[in-house]
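Heads up, start-v3.txt below (compact mmCIF, C-alpha atoms and all ligand atoms):
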```txt
# COMPACT_ATOMS: atom_id res chain seq x y z
CA MET A 26 42.99 100.84 79.23
CA PRO A 27 41.84 97.30 78.35
CA THR A 28 38.31 96.24 79.11
CA SER A 29 37.17 92.66 79.60
CA LYS A 30 34.93 90.52 77.46
CA ILE A 31 33.65 86.99 77.72
CA GLY A 32 35.82 85.16 75.19
CA GLY A 33 34.45 81.68 75.85
CA ILE A 34 31.63 80.13 77.84
CA GLY A 35 30.79 76.57 78.89
CA SER A 36 28.48 74.70 81.19
CA TYR A 37 27.98 71.24 82.59
CA VAL A 38 24.99 69.65 84.25
CA PRO A 39 24.85 66.07 85.56
CA GLU A 40 22.86 63.51 83.58
CA ASN A 41 20.63 62.51 86.49
CA LYS A 42 17.26 64.31 86.14
CA VAL A 43 15.15 64.49 89.29
CA THR A 44 11.51 65.46 88.79
CA ASN A 45 9.21 66.96 91.40
CA ASN A 46 7.38 63.65 91.58
CA ASP A 47 10.69 61.88 92.30
CA LEU A 48 11.04 64.02 95.44
CA LYS A 49 7.69 62.81 96.75
CA GLN A 50 9.26 59.53 97.87
CA PHE A 51 11.33 61.44 100.47
CA MET A 52 9.04 64.26 101.64
CA ASP A 53 5.49 65.50 101.73
CA THR A 54 5.37 67.70 98.63
CA SER A 55 3.71 67.82 95.23
CA ASP A 56 4.48 68.72 91.65
CA GLU A 57 1.67 71.30 91.79
CA TRP A 58 3.10 73.08 94.86
CA ILE A 59 6.64 73.22 93.49
CA GLN A 60 5.62 74.41 90.02
CA GLU A 61 3.15 76.96 91.33
CA ARG A 62 5.54 78.51 93.88
CA THR A 63 8.85 78.20 92.00
CA GLY A 64 8.27 77.26 88.35
CA ILE A 65 10.64 74.30 88.76
CA LYS A 66 9.73 71.04 86.97
CA GLU A 67 13.01 69.16 87.40
CA ARG A 68 16.61 69.60 88.48
CA ARG A 69 19.85 67.63 88.05
CA TYR A 70 21.70 65.84 90.84
CA ALA A 71 25.36 64.97 90.56
CA HIS A 72 26.53 61.38 90.89
CA ARG A 73 26.96 60.70 94.61
CA THR A 74 30.62 59.74 94.44
CA ASN A 75 31.94 60.36 90.93
CA GLU A 76 30.93 64.00 90.51
CA THR A 77 31.90 66.89 92.75
CA THR A 78 31.62 70.67 92.57
CA THR A 79 35.14 70.68 91.11
CA THR A 80 34.70 67.88 88.56
CA MET A 81 31.61 69.60 87.16
CA ALA A 82 33.49 72.90 87.07
CA VAL A 83 36.36 71.31 85.20
CA GLU A 84 33.99 70.06 82.48
CA ALA A 85 32.45 73.52 82.09
CA ALA A 86 35.89 75.15 82.14
CA LYS A 87 37.26 72.89 79.39
CA ILE A 88 34.45 74.02 77.07
CA ALA A 89 34.89 77.70 77.97
CA ILE A 90 38.66 77.54 77.38
CA GLU A 91 38.27 75.78 74.05
CA ARG A 92 35.65 78.28 72.90
CA ALA A 93 37.97 81.13 73.92
CA GLY A 94 40.50 79.68 71.49
CA ILE A 95 43.22 79.24 74.10
CA THR A 96 44.69 76.43 76.19
CA ALA A 97 44.52 75.89 79.94
CA GLN A 98 48.20 76.88 80.07
CA GLU A 99 47.26 80.39 78.94
CA ILE A 100 44.91 81.06 81.86
CA ASP A 101 46.47 83.67 84.18
CA PHE A 102 44.12 83.43 87.16
CA ILE A 103 41.16 81.41 88.46
CA ILE A 104 38.16 82.75 90.38
CA PHE A 105 35.80 80.08 91.70
CA ALA A 106 32.40 80.89 93.22
CA THR A 107 30.63 78.20 95.24
CA LEU A 108 28.90 77.52 98.54
CA SER A 109 29.35 73.75 98.22
CA PRO A 110 33.12 73.25 97.94
CA ASP A 111 34.71 69.81 97.73
CA TYR A 112 36.56 70.50 100.98
CA TYR A 113 35.91 72.82 103.93
CA PHE A 114 39.33 74.06 102.86
CA PRO A 115 41.23 74.46 100.53
CA GLY A 116 38.89 76.03 98.01
CA CYS A 117 37.96 74.59 94.62
CA GLY A 118 40.12 77.04 92.64
CA VAL A 119 43.31 75.14 93.38
CA LEU A 120 41.60 71.84 92.54
CA VAL A 121 40.74 73.20 89.09
CA GLN A 122 44.33 74.44 88.69
CA ARG A 123 45.52 70.91 89.45
CA ALA A 124 42.94 69.10 87.34
CA LEU A 125 43.64 71.20 84.25
CA GLN A 126 47.40 71.06 84.81
CA MET A 127 47.67 74.81 84.68
CA LYS A 128 50.74 76.87 85.50
CA GLU A 129 51.27 77.94 89.13
CA ILE A 130 48.80 80.78 88.73
CA GLY A 131 46.74 82.38 91.48
CA ALA A 132 43.40 80.86 92.46
CA LEU A 133 40.74 82.65 94.47
CA ASP A 134 37.51 81.27 95.92
CA ILE A 135 34.48 83.53 96.35
CA ARG A 136 31.87 82.86 99.03
CA ASN A 137 28.91 84.94 97.95
CA GLN A 138 26.37 82.25 97.31
CA CYS A 139 23.71 83.25 94.75
CA SER A 140 25.54 86.43 93.77
CA GLY A 141 28.90 84.63 93.74
CA PHE A 142 29.24 84.59 89.96
CA VAL A 143 28.50 88.31 89.59
CA TYR A 144 31.00 89.06 92.36
CA ALA A 145 33.58 86.77 90.71
CA LEU A 146 33.05 88.43 87.32
CA SER A 147 33.47 91.86 88.90
CA VAL A 148 36.74 90.88 90.60
CA ALA A 149 38.04 89.42 87.35
CA ASP A 150 37.03 92.58 85.50
CA GLN A 151 39.13 94.72 87.85
CA PHE A 152 42.22 92.54 87.34
CA ILE A 153 41.85 92.81 83.57
CA LYS A 154 41.21 96.55 83.55
CA THR A 155 44.39 97.18 85.55
CA GLY A 156 46.35 95.13 83.03
CA MET A 157 47.40 92.55 85.62
CA TYR A 158 45.87 89.55 83.80
CA LYS A 159 44.69 88.81 80.24
CA ASN A 160 42.78 85.51 80.57
CA ILE A 161 40.84 84.76 83.74
CA LEU A 162 38.80 81.62 84.26
CA VAL A 163 35.64 82.52 86.20
CA ILE A 164 33.57 79.61 87.49
CA GLY A 165 30.31 79.08 89.35
CA SER A 166 29.64 75.49 90.42
CA GLU A 167 27.47 73.77 93.02
CA LYS A 168 26.73 70.28 94.26
CA HIS A 169 23.75 71.06 96.44
CA SER A 170 22.38 67.54 96.46
CA PHE A 171 25.05 66.36 98.90
CA GLY A 172 23.80 68.59 101.70
CA LEU A 173 20.04 69.06 101.59
CA ASP A 174 17.49 67.93 104.14
CA PHE A 175 15.32 65.58 102.09
CA SER A 176 12.82 65.05 104.89
CA THR A 177 9.56 67.06 105.04
CA ARG A 178 11.28 69.35 107.58
CA GLY A 179 13.59 70.70 104.84
CA ARG A 180 11.18 70.71 101.90
CA ASN A 181 10.94 74.51 101.47
CA VAL A 182 14.68 74.58 100.69
CA SER A 183 15.40 71.18 99.19
CA VAL A 184 12.92 71.28 96.31
CA ILE A 185 14.49 74.46 94.94
CA PHE A 186 18.12 73.54 94.52
CA GLY A 187 19.97 71.66 91.79
CA ASP A 188 23.53 70.85 90.76
CA GLY A 189 25.63 72.12 87.86
CA ALA A 190 28.48 74.33 86.73
CA GLY A 191 29.17 77.20 84.38
CA ALA A 192 32.42 78.88 83.41
CA VAL A 193 33.64 81.78 81.32
CA VAL A 194 37.04 82.95 80.17
CA LEU A 195 37.21 86.68 80.70
CA GLN A 196 39.70 88.22 78.28
CA ALA A 197 41.27 91.60 77.78
CA THR A 198 40.06 93.54 74.75
CA GLU A 199 41.02 96.93 73.39
CA LYS A 200 37.79 97.21 71.34
CA ALA A 201 36.00 100.28 72.71
CA GLY A 202 32.45 99.74 73.97
CA GLN A 203 32.75 95.93 74.00
CA GLY A 204 32.64 93.63 77.02
CA ILE A 205 31.81 94.49 80.61
CA LEU A 206 30.51 98.06 80.83
CA SER A 207 30.15 98.09 84.61
CA THR A 208 29.51 95.92 87.65
CA HIS A 209 27.66 96.85 90.85
CA LEU A 210 28.03 94.97 94.13
CA HIS A 211 26.07 95.33 97.38
CA SER A 212 25.52 93.67 100.73
CA ASP A 213 23.40 94.02 103.86
CA GLY A 214 24.55 91.77 106.68
CA GLN A 215 21.57 92.61 108.90
CA SER A 216 19.78 89.56 107.53
CA ALA A 217 22.75 87.19 107.37
CA GLU A 218 20.96 84.46 109.32
CA LEU A 219 17.80 84.47 107.16
CA LEU A 220 19.47 82.36 104.48
CA ALA A 221 22.39 80.49 105.95
CA MET A 222 23.95 77.22 106.95
CA TYR A 223 24.99 77.77 110.57
CA ASN A 224 27.22 74.78 111.10
CA PRO A 225 29.96 73.74 110.93
CA GLY A 226 31.02 77.20 112.03
CA THR A 227 32.82 79.14 114.75
CA HIS A 228 29.99 81.53 115.62
CA ALA A 229 29.18 82.17 119.28
CA ASN A 230 25.92 80.27 119.03
CA HIS A 231 27.97 77.16 118.33
CA TRP A 232 29.12 77.18 121.95
CA VAL A 233 25.62 77.78 123.23
CA THR A 234 24.02 74.96 121.28
CA ASN A 235 26.88 72.60 122.02
CA PRO A 236 26.34 71.65 125.68
CA VAL A 237 29.65 69.93 126.20
CA ALA A 238 31.97 72.42 124.51
CA SER A 239 33.55 75.48 126.13
CA TYR A 240 36.39 77.75 125.13
CA ASN A 241 38.61 76.22 127.81
CA GLU A 242 37.88 72.60 127.32
CA ALA A 243 36.47 71.87 123.89
CA PRO A 244 36.48 68.12 123.31
CA ALA A 245 38.53 67.67 120.19
CA GLY A 246 36.08 65.64 118.13
CA ASP A 247 33.20 67.91 119.06
CA MET A 248 34.58 71.16 117.71
CA PHE A 249 32.38 71.44 114.69
CA MET A 250 29.22 69.43 115.03
CA SER A 251 27.38 68.16 118.07
CA LYS A 252 24.52 65.67 118.02
CA GLU A 253 22.22 68.48 119.15
CA MET A 254 23.19 70.61 116.16
CA ILE A 255 22.46 67.73 113.85
CA ASP A 256 19.13 67.08 115.61
CA LYS A 257 18.27 70.76 115.07
CA ALA A 258 19.17 70.42 111.37
CA GLU A 259 21.89 73.08 111.66
CA ASN A 260 24.01 71.10 109.23
CA PHE A 261 21.47 71.93 106.53
CA PRO A 262 20.74 75.27 104.86
CA PHE A 263 18.08 77.37 106.58
CA MET A 264 15.96 79.84 104.63
CA ASP A 265 13.18 82.19 105.62
CA GLY A 266 11.76 81.95 102.11
CA PRO A 267 9.11 84.69 102.26
CA ALA A 268 11.58 87.21 103.79
CA VAL A 269 14.18 86.45 101.11
CA PHE A 270 11.54 86.69 98.39
CA LYS A 271 10.36 90.13 99.60
CA LYS A 272 13.88 91.56 99.66
CA ALA A 273 14.84 89.97 96.32
CA ILE A 274 12.01 91.56 94.38
CA VAL A 275 13.13 95.00 95.57
CA LYS A 276 16.90 94.58 95.14
CA PHE A 277 16.85 92.87 91.72
CA PRO A 278 15.16 95.78 89.89
CA GLU A 279 17.15 98.32 91.91
CA VAL A 280 20.56 96.92 90.98
CA ILE A 281 19.57 96.42 87.32
CA GLN A 282 18.40 100.03 87.17
CA GLU A 283 21.66 101.14 88.82
CA ALA A 284 23.66 99.50 86.02
CA LEU A 285 21.51 101.06 83.31
CA THR A 286 21.67 104.53 84.86
CA LYS A 287 25.46 104.33 85.24
CA ASN A 288 25.74 103.72 81.47
CA GLY A 289 23.04 106.15 80.36
CA LEU A 290 20.84 103.29 79.15
CA ALA A 291 17.19 102.34 79.60
CA THR A 292 15.37 99.04 80.16
CA SER A 293 14.31 99.16 76.50
CA ASP A 294 18.01 98.91 75.56
CA ILE A 295 18.40 95.51 77.23
CA ASP A 296 18.58 92.69 74.68
CA LEU A 297 18.74 89.98 77.32
CA LEU A 298 18.42 89.99 81.09
CA ILE A 299 19.75 86.87 82.77
CA PRO A 300 18.64 86.96 86.38
CA HIS A 301 20.04 84.50 88.90
CA GLN A 302 17.60 81.60 88.71
CA ALA A 303 16.30 81.80 92.29
CA ASN A 304 12.62 81.28 91.65
CA LEU A 305 10.68 81.79 88.40
CA ARG A 306 8.15 83.91 90.31
CA ILE A 307 10.95 86.31 91.33
CA SER A 308 12.16 86.58 87.70
CA GLN A 309 8.59 87.21 86.51
CA PHE A 310 8.09 89.87 89.16
CA VAL A 311 11.34 91.61 88.14
CA GLN A 312 10.36 91.43 84.46
CA GLN A 313 7.00 92.99 85.19
CA LYS A 314 8.45 95.69 87.44
CA LEU A 315 10.96 96.71 84.75
CA GLY A 316 8.42 96.43 81.93
CA LEU A 317 10.49 93.94 79.96
CA ARG A 318 9.09 91.75 77.16
CA ASP A 319 9.33 87.95 77.39
CA ASP A 320 12.08 87.87 74.77
CA GLN A 321 14.21 90.21 76.90
CA VAL A 322 14.44 87.80 79.86
CA PHE A 323 16.02 84.35 79.89
CA ASN A 324 14.98 81.68 82.40
CA ASN A 325 15.84 77.99 82.59
CA ILE A 326 15.10 77.28 86.26
CA GLN A 327 12.23 75.05 85.05
CA HIS A 328 14.82 72.40 84.10
CA TYR A 329 17.75 72.97 86.45
CA GLY A 330 16.31 74.45 89.63
CA ASN A 331 18.32 77.02 91.53
CA THR A 332 22.01 76.25 91.08
CA THR A 333 23.17 79.24 93.14
CA ALA A 334 26.59 80.46 91.89
CA ALA A 335 26.25 78.34 88.74
CA SER A 336 22.84 79.57 87.65
CA ILE A 337 23.90 82.67 85.71
CA PRO A 338 26.74 81.07 83.72
CA ILE A 339 24.58 77.99 82.96
CA ALA A 340 21.73 80.22 81.74
CA LEU A 341 24.07 82.55 79.81
CA CYS A 342 25.71 79.55 78.15
CA GLN A 343 22.37 78.08 77.11
CA ALA A 344 21.14 81.44 75.81
CA TRP A 345 24.36 81.88 73.81
CA GLU A 346 24.16 78.32 72.41
CA GLU A 347 20.55 78.98 71.34
CA GLY A 348 21.65 82.12 69.48
CA LYS A 349 19.86 84.44 71.91
CA VAL A 350 23.05 86.38 72.64
CA LYS A 351 24.67 87.91 69.57
CA GLU A 352 27.57 90.25 68.97
CA GLY A 353 26.67 93.80 69.97
CA ASP A 354 23.81 92.73 72.27
CA LEU A 355 23.36 94.44 75.62
CA VAL A 356 23.27 91.69 78.26
CA CYS A 357 22.45 92.29 81.90
CA LEU A 358 23.31 89.78 84.64
CA ALA A 359 21.78 90.27 88.07
CA ALA A 360 21.74 88.28 91.29
CA PHE A 361 20.47 88.36 94.85
CA GLY A 362 20.93 85.92 97.69
CA SER A 363 22.35 84.89 101.03
CA GLY A 364 24.22 87.58 102.93
CA PHE A 365 22.23 89.38 101.79
CA THR A 366 24.45 90.14 98.81
CA TRP A 367 23.36 91.28 95.40
CA GLY A 368 24.87 92.69 92.24
CA SER A 369 24.65 93.28 88.51
CA ALA A 370 26.89 93.33 85.48
CA LEU A 371 26.13 95.05 82.19
CA LEU A 372 27.91 93.70 79.12
CA ARG A 373 28.09 94.56 75.44
CA TRP A 374 28.57 91.14 73.83
O1 LIG A 401 18.63 81.78 95.51
C1 LIG A 401 18.83 82.29 96.78
C2 LIG A 401 17.74 83.16 97.19
N1 LIG A 401 16.56 82.38 97.47
C3 LIG A 401 15.39 82.83 97.05
O2 LIG A 401 15.33 83.81 96.39
C4 LIG A 401 14.17 82.07 97.49
C5 LIG A 401 13.09 83.03 97.87
N2 LIG A 401 11.90 82.39 98.44
C6 LIG A 401 11.14 81.56 97.73
O3 LIG A 401 11.41 81.28 96.58
C7 LIG A 401 9.86 81.04 98.37
O4 LIG A 401 9.70 81.67 99.63
C8 LIG A 401 9.84 79.51 98.57
C9 LIG A 401 9.68 78.84 97.23
C10 LIG A 401 11.11 79.04 99.24
C11 LIG A 401 8.69 79.09 99.45
O5 LIG A 401 7.47 79.53 98.88
P1 LIG A 401 6.42 80.34 99.76
O6 LIG A 401 5.28 80.61 98.88
O7 LIG A 401 7.13 81.53 100.34
O8 LIG A 401 6.03 79.29 100.86
P2 LIG A 401 6.16 79.35 102.44
O9 LIG A 401 7.56 79.10 102.87
O10 LIG A 401 5.50 80.61 102.94
O11 LIG A 401 5.26 78.12 102.89
C12 LIG A 401 3.86 78.08 102.60
C13 LIG A 401 3.34 76.71 102.95
C14 LIG A 401 3.75 76.25 104.34
O12 LIG A 401 2.69 75.46 104.87
P3 LIG A 401 1.62 76.09 105.88
O13 LIG A 401 2.42 76.58 107.07
O14 LIG A 401 0.97 77.23 105.13
O15 LIG A 401 0.73 74.97 106.17
C15 LIG A 401 4.91 75.33 104.09
O16 LIG A 401 5.09 74.36 105.08
O17 LIG A 401 3.89 75.74 102.04
C16 LIG A 401 4.50 74.67 102.80
N3 LIG A 401 5.63 74.19 102.02
C17 LIG A 401 5.53 73.18 101.14
N4 LIG A 401 4.49 72.41 100.77
C18 LIG A 401 4.72 71.47 99.83
C19 LIG A 401 6.92 74.62 102.04
N5 LIG A 401 7.64 73.92 101.17
C20 LIG A 401 6.82 73.00 100.61
C21 LIG A 401 6.98 72.00 99.65
N6 LIG A 401 5.92 71.26 99.30
N7 LIG A 401 8.19 71.77 99.07
```
Final structure tokens representation of the file:
Amino acid sequence: MPTSKIGGIGSYVPENKVTNNDLKQFMDTSDEWIQERTGIKERRYAHRTNETTTTMAVEAAKIAIERAGITAQEIDFIIFATLSPDYYFPGCGVLVQRALQMKEIGALDIRNQCSGFVYALSVADQFIKTGMYKNILVIGSEKHSFGLDFSTRGRNVSVIFGDGAGAVVLQATEKAGQGILSTHLHSDGQSAELLAMYNPGTHANHWVTNPVASYNEAPAGDMFMSKEMIDKAENFPFMDGPAVFKKAIVKFPEVIQEALTKNGLATSDIDLLIPHQANLRISQFVQQKLGLRDDQVFNNIQHYGNTTAASIPIALCQAWEEGKVKEGDLVCLAAFGSGFTWGSALLRW
């Protein structure tokens, strides 16, 4: 049975650097607060009109495909993880297929927010193991800057997020013990509303908060967004930060340990842990809880902020480019976020 390995990796971040001090012109915040609570010093914002979630993904994908030593025509399937798609529908996968002039292959979008890339990798892994596909393009990309509340009201969320994209080509390999050893996916929908963007959406609350809409006579132009929803900031992401933090620091170590146990390995065997870059304090907590040394954990949130589905492939790409991921290394990817959903992937590079 074939297993899957990362044959090529690429990333793309916009040129525009936005420091914590830059954000002070829009909201009541400070460099000290942001660095102390999150570790973030700066993030990148995509060009307002010329860069989208898909265009950034395409740049990352081109690098990944080239490094895999294949052409876009040889990709068999696309899996695209994002919460900030170019369109409400269709998803970004087909836009990448079009932009890279690929064959009429399948394209799947994954909506699992911060754990989107781990979920996408896991789905790709299953397709390769069954022999269905040989080269799958797996992408995480986000353009958060288009939809954040930059007033003081939204500061707890807005200062965290940044834009960027990462991509890998997952390829079939017959080399025993190489590539993805296992993936582990979880969810708990009890807390779905603690980290969410409620509108536009079809949930029941939509009809409650929209005073003029009803199932029988919904005014056409009012289906998705009423003035009241906008006034209540329901068109922006909502996050109960402390609640998410508390759950994250339990689930991250748990799902990493699950992957190690499944493979008969210990934390001391990890060469590099790449946690989803949610908050540097979360990564530090996880490191401490698992007893990992500094050189066993890779973080770059200081420079890119939290790029949700893109954070793991961007960090993995940087670590690989810096020579911190070498052949034979045991690499662990782990994520937690909105849903709640969380997961891990253990790889032998
Ligand atoms: O990647 C997806 C998963 N997301 C996460 O894992 C995020 C998890 N949560 C977090 O990272 C943290 O909860 C945050 C960084 C979002 C917030 O940090 P916190 O230490 O939990 O702060 P808080 O929300 O409890 O707010 C503490 C205070 C509040 O003021 P008062 O009520 O104590 O006067 C906030 O209004 O900090 C205030 N505050 C800010 N002050 C300056 C919130 N955001 C800001 C800000 N600048 N940007």
Please write out the residues within 6 Å of ligand LIG 401 (chain A) as a list in words, counting all atoms listed in the file.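 Using all atoms listed in the file, I find these residues within 6 Å of ligand LIG 401 (chain A): Thr54, Ser55, Trp58, Ile59, Arg62, Thr63, Cys139, Arg180, Asn181, Val182, Val184, Gly266, Pro267, Val269, Phe270, Ala303, Asn304, Thr333 and Gly362 of chain A.
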I'd like a table as a Markdown table: residues in segment 154-233 of chain A with an atom no more than 8 Å from segment 72-81 of chain A, each row giving the shortest atom pair and its distance in Å to one decimal, only C-alpha atoms counted, sorted by chain and rising residue number.
```
| residue | atom | partner | partner_atom | distance |
| --- | --- | --- | --- | --- |
| A:Ser166 | CA | A:Thr78 | CA | 5.6 |
| A:Glu167 | CA | A:Thr78 | CA | 5.2 |
| A:Lys168 | CA | A:Thr78 | CA | 5.2 |
| A:Phe171 | CA | A:Arg73 | CA | 7.4 |
| A:Gly189 | CA | A:Met81 | CA | 6.5 |
| A:Ala190 | CA | A:Met81 | CA | 5.7 |
```
Sort by chain and increasing residue number a table of all residues of segment 90-188 of chain A within 8 Å of segment 199-212 of chain A, each with its closest pair of atoms and their distance in Å to one decimal, counting all atoms listed in the file, and write it as JSON lines.
```
{"residue": "A:Val143", "atom": "CA", "partner": "A:Thr208", "partner_atom": "CA", "distance": 7.9}
{"residue": "A:Tyr144", "atom": "CA", "partner": "A:Leu210", "partner_atom": "CA", "distance": 6.8}
{"residue": "A:Ser147", "atom": "CA", "partner": "A:Thr208", "partner_atom": "CA", "distance": 5.8}
{"residue": "A:Asp150", "atom": "CA", "partner": "A:Ile205", "partner_atom": "CA", "distance": 7.4}
```
The residue from A:Gln196, A:Asn41, A:Ser140, A:Thr155 with the smallest atom-to-atom distance to Pro300 of chain A, counting all atoms listed in the file, is A:Ser140
One decimal, Å: what's the distance from atom CA of Lys49 of chain A over to atom CA of Leu173 of chain A, could you say?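 Separation of atom CA of Lys49 of chain A and atom CA of Leu173 of chain A: 14.7 Å.
Distances to Leu48 of chain A were evaluated for A:Ile31, A:Gly116, A:Met157, A:Asp174 using all atoms listed in the file, and the minimum falls at A:Asp174.
Using only C-alpha atoms, the nearest neighbour of Gly348 of chain A within the list A:Ile307, A:Ala86, A:Leu297, A:Val38 is A:Leu297.
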Choose the residue, out of A:Arg373, A:Lys87, A:Lys287, A:Arg318, that has the smallest atom-to-atom separation from Leu162 of chain A; count all atoms listed in the file.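 Once distances to Leu162 of chain A are computed over all atoms listed in the file, the minimum belongs to A:Lys87.
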Atom pair atom CA of Tyr37 of chain A / atom CA of Pro338 of chain A: separation (Å):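 For atom CA of Tyr37 of chain A relative to atom CA of Pro338 of chain A, the distance reads 10.0 Å.
Pairwise distance (atom CA of Ala273 of chain A, atom CA of Ala359 of chain A) equals 10.8 Å.
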I need the residue nearest Gly187 of chain A from this list: A:Ala334, A:Leu371, A:Ile34, A:Met26. Use all atoms listed in the file for the distance.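 That would be A:Ala334, the residue with the smallest distance to Gly187 of chain A.
Using all atoms listed in the file, the shortest contact distance between Glu57 of chain A and any of A:Ala97, A:Leu125, A:Val83, A:Thr44 is found at A:Thr44.
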Find the residues near Gly165 of chain A: any atom within 7 Å, counting all atoms listed in the file, skip ones fewer than 5 places away on the same chain, and give them as a VMD selection string. chain A and resid 105 to 107 142 190 to 192 334 to 335 338
Residues near Gly172 of chain A, anyone? I mean within 10 Å using all atoms listed in the file, not counting same-chain ones fewer than 5 positions away, as a list in words.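 Once the adjacent positions are removed, what remains is Ser109, Ser183, Asn260, Phe261 and Pro262 of chain A.
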Please return the centre and edge lengths, in Å to one decimal, of a box with edges along x, y and z that contains all listed atoms of segment 125-133 of chain A, widened by 6 Å on every side, as AutoDock Vina command-line options.
```
--center_x 46.0 --center_y 76.9 --center_z 89.4 --size_x 22.5 --size_y 23.6 --size_z 22.2
```
Can you rebuild segment 310-325 of chain A with N, CA, C and O atoms and give it as a PDB file, in the coordinates of the input?
```
ATOM      1  N   PHE A 310       8.392  88.622  88.464  1.00  0.00           N
ATOM      2  CA  PHE A 310       8.090  89.870  89.160  1.00  0.00           C
ATOM      3  C   PHE A 310       9.037  90.977  88.671  1.00  0.00           C
ATOM      4  O   PHE A 310       8.614  92.113  88.393  1.00  0.00           O
ATOM      5  N   VAL A 311      10.317  90.636  88.574  1.00  0.00           N
ATOM      6  CA  VAL A 311      11.340  91.610  88.140  1.00  0.00           C
ATOM      7  C   VAL A 311      11.036  92.061  86.701  1.00  0.00           C
ATOM      8  O   VAL A 311      11.081  93.255  86.383  1.00  0.00           O
ATOM      9  N   GLN A 312      10.696  91.108  85.855  1.00  0.00           N
ATOM     10  CA  GLN A 312      10.360  91.430  84.460  1.00  0.00           C
ATOM     11  C   GLN A 312       9.215  92.423  84.392  1.00  0.00           C
ATOM     12  O   GLN A 312       9.262  93.419  83.667  1.00  0.00           O
ATOM     13  N   GLN A 313       8.187  92.131  85.184  1.00  0.00           N
ATOM     14  CA  GLN A 313       7.000  92.990  85.190  1.00  0.00           C
ATOM     15  C   GLN A 313       7.337  94.384  85.719  1.00  0.00           C
ATOM     16  O   GLN A 313       6.958  95.395  85.144  1.00  0.00           O
ATOM     17  N   LYS A 314       8.084  94.416  86.802  1.00  0.00           N
ATOM     18  CA  LYS A 314       8.450  95.690  87.440  1.00  0.00           C
ATOM     19  C   LYS A 314       9.245  96.575  86.485  1.00  0.00           C
ATOM     20  O   LYS A 314       9.074  97.800  86.448  1.00  0.00           O
ATOM     21  N   LEU A 315      10.124  95.946  85.681  1.00  0.00           N
ATOM     22  CA  LEU A 315      10.960  96.710  84.750  1.00  0.00           C
ATOM     23  C   LEU A 315      10.293  96.906  83.390  1.00  0.00           C
ATOM     24  O   LEU A 315      10.848  97.576  82.515  1.00  0.00           O
ATOM     25  N   GLY A 316       9.144  96.303  83.206  1.00  0.00           N
ATOM     26  CA  GLY A 316       8.420  96.430  81.930  1.00  0.00           C
ATOM     27  C   GLY A 316       9.140  95.782  80.769  1.00  0.00           C
ATOM     28  O   GLY A 316       9.142  96.302  79.648  1.00  0.00           O
ATOM     29  N   LEU A 317       9.761  94.634  81.021  1.00  0.00           N
ATOM     30  CA  LEU A 317      10.490  93.940  79.960  1.00  0.00           C
ATOM     31  C   LEU A 317       9.593  92.931  79.247  1.00  0.00           C
ATOM     32  O   LEU A 317       8.728  92.310  79.873  1.00  0.00           O
ATOM     33  N   ARG A 318       9.830  92.758  77.931  1.00  0.00           N
ATOM     34  CA  ARG A 318       9.090  91.750  77.160  1.00  0.00           C
ATOM     35  C   ARG A 318       9.629  90.360  77.490  1.00  0.00           C
ATOM     36  O   ARG A 318      10.751  90.233  77.984  1.00  0.00           O
ATOM     37  N   ASP A 319       8.878  89.330  77.139  1.00  0.00           N
ATOM     38  CA  ASP A 319       9.330  87.950  77.390  1.00  0.00           C
ATOM     39  C   ASP A 319      10.669  87.659  76.727  1.00  0.00           C
ATOM     40  O   ASP A 319      11.515  86.977  77.290  1.00  0.00           O
ATOM     41  N   ASP A 320      10.840  88.184  75.488  1.00  0.00           N
ATOM     42  CA  ASP A 320      12.080  87.870  74.770  1.00  0.00           C
ATOM     43  C   ASP A 320      13.297  88.623  75.323  1.00  0.00           C
ATOM     44  O   ASP A 320      14.413  88.386  74.890  1.00  0.00           O
ATOM     45  N   GLN A 321      13.074  89.497  76.300  1.00  0.00           N
ATOM     46  CA  GLN A 321      14.210  90.210  76.900  1.00  0.00           C
ATOM     47  C   GLN A 321      14.727  89.525  78.174  1.00  0.00           C
ATOM     48  O   GLN A 321      15.698  89.989  78.762  1.00  0.00           O
ATOM     49  N   VAL A 322      14.042  88.463  78.602  1.00  0.00           N
ATOM     50  CA  VAL A 322      14.440  87.800  79.860  1.00  0.00           C
ATOM     51  C   VAL A 322      14.634  86.308  79.599  1.00  0.00           C
ATOM     52  O   VAL A 322      13.788  85.667  78.977  1.00  0.00           O
ATOM     53  N   PHE A 323      15.750  85.774  80.083  1.00  0.00           N
ATOM     54  CA  PHE A 323      16.020  84.350  79.890  1.00  0.00           C
ATOM     55  C   PHE A 323      15.915  83.596  81.205  1.00  0.00           C
ATOM     56  O   PHE A 323      16.541  83.957  82.190  1.00  0.00           O
ATOM     57  N   ASN A 324      15.120  82.540  81.216  1.00  0.00           N
ATOM     58  CA  ASN A 324      14.980  81.680  82.400  1.00  0.00           C
ATOM     59  C   ASN A 324      15.127  80.218  81.999  1.00  0.00           C
ATOM     60  O   ASN A 324      14.612  79.804  80.960  1.00  0.00           O
ATOM     61  N   ASN A 325      15.822  79.453  82.813  1.00  0.00           N
ATOM     62  CA  ASN A 325      15.840  77.990  82.590  1.00  0.00           C
ATOM     63  C   ASN A 325      15.718  77.223  83.910  1.00  0.00           C
ATOM     64  O   ASN A 325      16.012  76.028  83.964  1.00  0.00           O
TER      65      ASN A 325
END
```
